[in-house]
Amino acid sequence: MVDSYKHQGMRRQLVASLKEKGITDENVLLAMNKIPRHYFMDNAFLEFAYQDKAFPIAESQTISQPFTVAIQTQLLQVKPGEKVLEIGTGSGYQTSVLCEMGARVWTIERIKTLYDNAKNMFTKLHYKPKQFFGDGFEGLPKFAPFDKILVTAGAPHVPPKLLEQLDVGGIMVIPVGKSDVQTMKVIVRISESEYKEKKAGSFQFVPLLEAKKW
Ligand code: SAM
């Protein structure tokens with residue numbers, strides 16, 4: 001697969017449109033300008049890679065809409081060297097954005113085909129996230145605490161184990177809701193026992209599935 005001048009031009013336009021829609025974190029914009037989103041898409045959707053839309057990937061899952069990736073990453077306030085836990089590797093695009101921004105990334109996916117496809121993509125792009133095939137509801141207690149936790153599927157509730165694995169001062173960004181539309185929540189752990197939460201709009205994600213439904 002090549003990253004042609006045409007792709008690069010379309011990507012610049014997409015990033016400019018994200019800026020117009022309110023994305024102000026220059027590091028998010030720089031990362032998204034660098035990463036060839038078309039590499040992460042099914043062949044059938046390649047020509048749409050630089051539209052601001054979610055698209056299907058394998059196993060009835062989706063690569064999130066670029067604006068959603070941008071706003072979730074901006075809300076996370078990612079800084080180089082931080083430990084970030086991502087739930088829902090999917091295509092690996094969001095993981096790549098976090099890696100490109102200099103975060104140390106741990107990412108969990110519950111579908112083996114997607115886990116394998118993403119692994120190949122990370123090798124190709126020279127990113128080195130720590131990848132796990134498993135249940136995001138459990139998080140990764142062995143590697144906790146995390147500075148940031150990003151959930152990229154619609155959660156029916158905030159998983160208590162993820163709250164436990166967030167460091168004091170850390171931020172979790174998670175879409176929460178049982179219907180097709182979820183509320184983006186930004187949760188800050190302000191002490192060992194206290195969390196502060198704010199809402200950041202409505203979004204549509206594929207569901208975060210609990211183990212019994214796999
Ligand atoms: N971050 C992805 C990207 O950039 O392509 C988009 C993720 S897609 C919207 C949501 C992903 O969450 C799917 O790949 C799905 O298989 C995964 N998922 C759903 N429930 C999960 C769970 N309990 N644990 C881990 N991954 C899960």
# chains A, B, ... in the order shown; residues from 1 in each chain; ligands from 1

$ residues_around --residues "stretch 115-124 of chain A" --least-positions-apart "6" --cutoff "6 Å" --atoms "only C-alpha atoms" --output "CSV table (one decimal) with N, CA and C atoms, in the first residue's frame"
chain,number,residue,atom,x,y,z
A,91,SER,N,-9.1,-1.4,14.4
A,91,SER,CA,-8.2,-1.3,13.3
A,91,SER,C,-6.7,-1.0,13.7
A,92,GLY,N,-6.6,-0.4,14.9
A,92,GLY,CA,-5.3,0.1,15.4
A,92,GLY,C,-5.0,1.5,15.0
A,109,GLU,N,-8.0,-5.9,22.7
A,109,GLU,CA,-9.0,-6.2,21.7
A,109,GLU,C,-9.6,-7.6,22.0

$ select_by_dssp --residues "stretch 6-64 of chain A" --states "alpha helix (DSSP H)" --output "VMD selection string"
chain A and resid 6 to 20 26 to 34

$ write_last_selection --atoms "C-alpha atoms" --output "PDB file, in the first residue's frame"
ATOM      1  CA  LYS A   6      -3.096  12.481  -3.377  1.00  0.00           C
ATOM      2  CA  HIS A   7      -3.632  10.664  -0.062  1.00  0.00           C
ATOM      3  CA  GLN A   8      -1.440  13.197   1.747  1.00  0.00           C
ATOM      4  CA  GLY A   9      -3.394  16.090   0.233  1.00  0.00           C
ATOM      5  CA  MET A  10      -6.748  14.589   1.221  1.00  0.00           C
ATOM      6  CA  ARG A  11      -5.384  13.971   4.713  1.00  0.00           C
ATOM      7  CA  ARG A  12      -4.315  17.614   5.072  1.00  0.00           C
ATOM      8  CA  GLN A  13      -7.841  18.684   4.093  1.00  0.00           C
ATOM      9  CA  LEU A  14      -9.380  16.305   6.613  1.00  0.00           C
ATOM     10  CA  VAL A  15      -7.128  17.649   9.372  1.00  0.00           C
ATOM     11  CA  ALA A  16      -7.981  21.241   8.424  1.00  0.00           C
ATOM     12  CA  SER A  17     -11.682  20.344   8.698  1.00  0.00           C
ATOM     13  CA  LEU A  18     -11.082  18.837  12.175  1.00  0.00           C
ATOM     14  CA  LYS A  19      -9.516  22.134  13.215  1.00  0.00           C
ATOM     15  CA  GLU A  20     -12.588  23.991  11.959  1.00  0.00           C
ATOM     16  CA  GLU A  26      -1.780  20.621  17.744  1.00  0.00           C
ATOM     17  CA  ASN A  27      -0.204  17.314  18.697  1.00  0.00           C
ATOM     18  CA  VAL A  28      -3.425  15.454  17.876  1.00  0.00           C
ATOM     19  CA  LEU A  29      -3.649  17.263  14.518  1.00  0.00           C
ATOM     20  CA  LEU A  30       0.024  16.578  13.721  1.00  0.00           C
ATOM     21  CA  ALA A  31      -0.348  12.859  14.508  1.00  0.00           C
ATOM     22  CA  MET A  32      -3.493  12.546  12.389  1.00  0.00           C
ATOM     23  CA  ASN A  33      -1.807  14.421   9.547  1.00  0.00           C
ATOM     24  CA  LYS A  34       1.047  11.925   9.609  1.00  0.00           C
TER      25      LYS A  34
END

$ residues_around --residues "A:Gln165" --least-positions-apart "4" --cutoff "12 Å" --atoms "only C-alpha atoms" --output "count of residues only"
27

$ closest_atom_pairs --of "chain A" --to "ligand 1" --cutoff "7 Å" --atoms "only C-alpha atoms and all ligand atoms" --output "Markdown table"
| residue | atom | partner | partner_atom_place_in_ligand_line | distance |
| --- | --- | --- | --- | --- |
| A:Gln61 | CA | ligand 1 | 13 (C) | 5.3 |
| A:Thr62 | CA | ligand 1 | 9 (C) | 4.9 |
| A:Ile63 | CA | ligand 1 | 5 (O) | 3.7 |
| A:Ser64 | CA | ligand 1 | 6 (C) | 5.0 |
| A:Ile87 | CA | ligand 1 | 25 (C) | 5.4 |
| A:Gly88 | CA | ligand 1 | 12 (O) | 3.3 |
| A:Thr89 | CA | ligand 1 | 1 (N) | 4.8 |
| A:Gly90 | CA | ligand 1 | 14 (O) | 3.3 |
| A:Ser91 | CA | ligand 1 | 5 (O) | 3.7 |
| A:Gly92 | CA | ligand 1 | 4 (O) | 5.0 |
| A:Tyr93 | CA | ligand 1 | 4 (O) | 4.0 |
| A:Gln94 | CA | ligand 1 | 4 (O) | 3.8 |
| A:Thr95 | CA | ligand 1 | 4 (O) | 6.4 |
| A:Ile108 | CA | ligand 1 | 25 (C) | 5.1 |
| A:Glu109 | CA | ligand 1 | 26 (N) | 3.8 |
| A:Arg110 | CA | ligand 1 | 25 (C) | 4.3 |
| A:Ile111 | CA | ligand 1 | 16 (O) | 5.3 |
| A:Leu114 | CA | ligand 1 | 14 (O) | 6.6 |
| A:Gly134 | CA | ligand 1 | 24 (N) | 6.0 |
| A:Asp135 | CA | ligand 1 | 24 (N) | 3.9 |
| A:Gly136 | CA | ligand 1 | 24 (N) | 3.4 |
| A:Phe137 | CA | ligand 1 | 23 (N) | 5.4 |
| A:Thr152 | CA | ligand 1 | 7 (C) | 5.1 |
| A:Ala153 | CA | ligand 1 | 10 (C) | 4.4 |
| A:Phe205 | CA | ligand 1 | 9 (C) | 5.5 |
| A:Val206 | CA | ligand 1 | 9 (C) | 5.4 |
| A:Pro207 | CA | ligand 1 | 19 (C) | 5.9 |
| A:Leu208 | CA | ligand 1 | 20 (N) | 3.5 |
| A:Leu209 | CA | ligand 1 | 20 (N) | 4.0 |
| A:Glu210 | CA | ligand 1 | 23 (N) | 5.1 |
| A:Ala211 | CA | ligand 1 | 23 (N) | 6.4 |

$ closest_residue --among "A:Ala58, A:Ile23, A:Ala155, A:Ile190" --to "A:Leu75" --atoms "only C-alpha atoms"
A:Ile23

$ residues_around --residues "stretch 78-82 of chain A" --least-positions-apart "2" --cutoff "7 Å" --atoms "only C-alpha atoms" --output "list in words"
Thr73, Leu76, Val84, Met101, Gly102, Ala103, Arg104 and Asp147 of chain A

$ select_by_dssp --residues "stretch 35-142 of chain A" --states "strand (DSSP E)" --output "JSON list (two decimals) with N, CA and C atoms, in the first residue's frame"
[["chain", "number", "residue", "atom", "x", "y", "z"],
["A", 55, "PHE", "N", -16.19, 3.87, 9.35],
["A", 55, "PHE", "CA", -16.41, 2.88, 8.30],
["A", 55, "PHE", "C", -16.25, 1.48, 8.85],
["A", 56, "PRO", "N", -16.91, 0.51, 8.19],
["A", 56, "PRO", "CA", -16.78, -0.88, 8.65],
["A", 56, "PRO", "C", -15.36, -1.40, 8.46],
["A", 62, "THR", "N", -15.94, -1.25, 13.56],
["A", 62, "THR", "CA", -15.75, 0.00, 12.80],
["A", 62, "THR", "C", -14.42, 0.65, 13.15],
["A", 63, "ILE", "N", -13.91, 1.41, 12.17],
["A", 63, "ILE", "CA", -12.83, 2.37, 12.46],
["A", 63, "ILE", "C", -13.59, 3.66, 12.79],
["A", 83, "LYS", "N", 1.56, 6.66, 30.37],
["A", 83, "LYS", "CA", 1.04, 5.30, 30.20],
["A", 83, "LYS", "C", -0.44, 5.39, 29.86],
["A", 84, "VAL", "N", -0.81, 4.92, 28.68],
["A", 84, "VAL", "CA", -2.21, 4.99, 28.25],
["A", 84, "VAL", "C", -2.74, 3.57, 28.02],
["A", 85, "LEU", "N", -3.88, 3.28, 28.61],
["A", 85, "LEU", "CA", -4.57, 2.00, 28.35],
["A", 85, "LEU", "C", -5.73, 2.28, 27.40],
["A", 86, "GLU", "N", -5.73, 1.58, 26.26],
["A", 86, "GLU", "CA", -6.83, 1.72, 25.31],
["A", 86, "GLU", "C", -7.66, 0.42, 25.31],
["A", 87, "ILE", "N", -8.98, 0.58, 25.37],
["A", 87, "ILE", "CA", -9.86, -0.59, 25.29],
["A", 87, "ILE", "C", -10.53, -0.58, 23.91],
["A", 104, "ARG", "N", 3.06, 5.80, 25.88],
["A", 104, "ARG", "CA", 3.35, 4.36, 25.97],
["A", 104, "ARG", "C", 2.00, 3.68, 26.08],
["A", 105, "VAL", "N", 1.68, 2.85, 25.07],
["A", 105, "VAL", "CA", 0.30, 2.38, 24.94],
["A", 105, "VAL", "C", 0.15, 0.88, 25.21],
["A", 106, "TRP", "N", -0.85, 0.55, 26.04],
["A", 106, "TRP", "CA", -1.30, -0.82, 26.26],
["A", 106, "TRP", "C", -2.69, -0.89, 25.65],
["A", 107, "THR", "N", -2.96, -1.85, 24.75],
["A", 107, "THR", "CA", -4.27, -1.87, 24.10],
["A", 107, "THR", "C", -4.85, -3.28, 24.10],
["A", 108, "ILE", "N", -6.16, -3.36, 24.35],
["A", 108, "ILE", "CA", -6.84, -4.66, 24.46],
["A", 108, "ILE", "C", -7.92, -4.78, 23.39],
["A", 109, "GLU", "N", -7.98, -5.95, 22.74],
["A", 109, "GLU", "CA", -9.02, -6.23, 21.74],
["A", 109, "GLU", "C", -9.57, -7.63, 22.01],
["A", 130, "LYS", "N", 1.85, -2.23, 23.47],
["A", 130, "LYS", "CA", 1.77, -3.57, 24.04],
["A", 130, "LYS", "C", 0.34, -4.04, 23.79],
["A", 131, "GLN", "N", 0.22, -5.11, 22.99],
["A", 131, "GLN", "CA", -1.11, -5.55, 22.56],
["A", 131, "GLN", "C", -1.59, -6.74, 23.35],
["A", 132, "PHE", "N", -2.87, -6.75, 23.69],
["A", 132, "PHE", "CA", -3.44, -7.87, 24.45],
["A", 132, "PHE", "C", -4.73, -8.32, 23.80],
["A", 133, "PHE", "N", -4.91, -9.65, 23.75],
["A", 133, "PHE", "CA", -6.14, -10.25, 23.26],
["A", 133, "PHE", "C", -6.93, -10.63, 24.51]]

$ closest_residue --among "A:Gln77, A:Pro66, A:Tyr39, A:Val173" --to "A:Gln51" --atoms "only C-alpha atoms"
A:Pro66

$ closest_residue --among "A:Lys53, A:Phe40, A:Val151, A:Pro156" --to "A:Ile187" --atoms "only C-alpha atoms"
A:Val151

$ atom_distance --atom1 "atom CA of A:Tyr5" --atom2 "atom CA of A:Leu46"
15.0 Å

$ atom_distance --atom1 "atom CA of A:Val186" --atom2 "atom CA of A:Met41"
28.2 Å
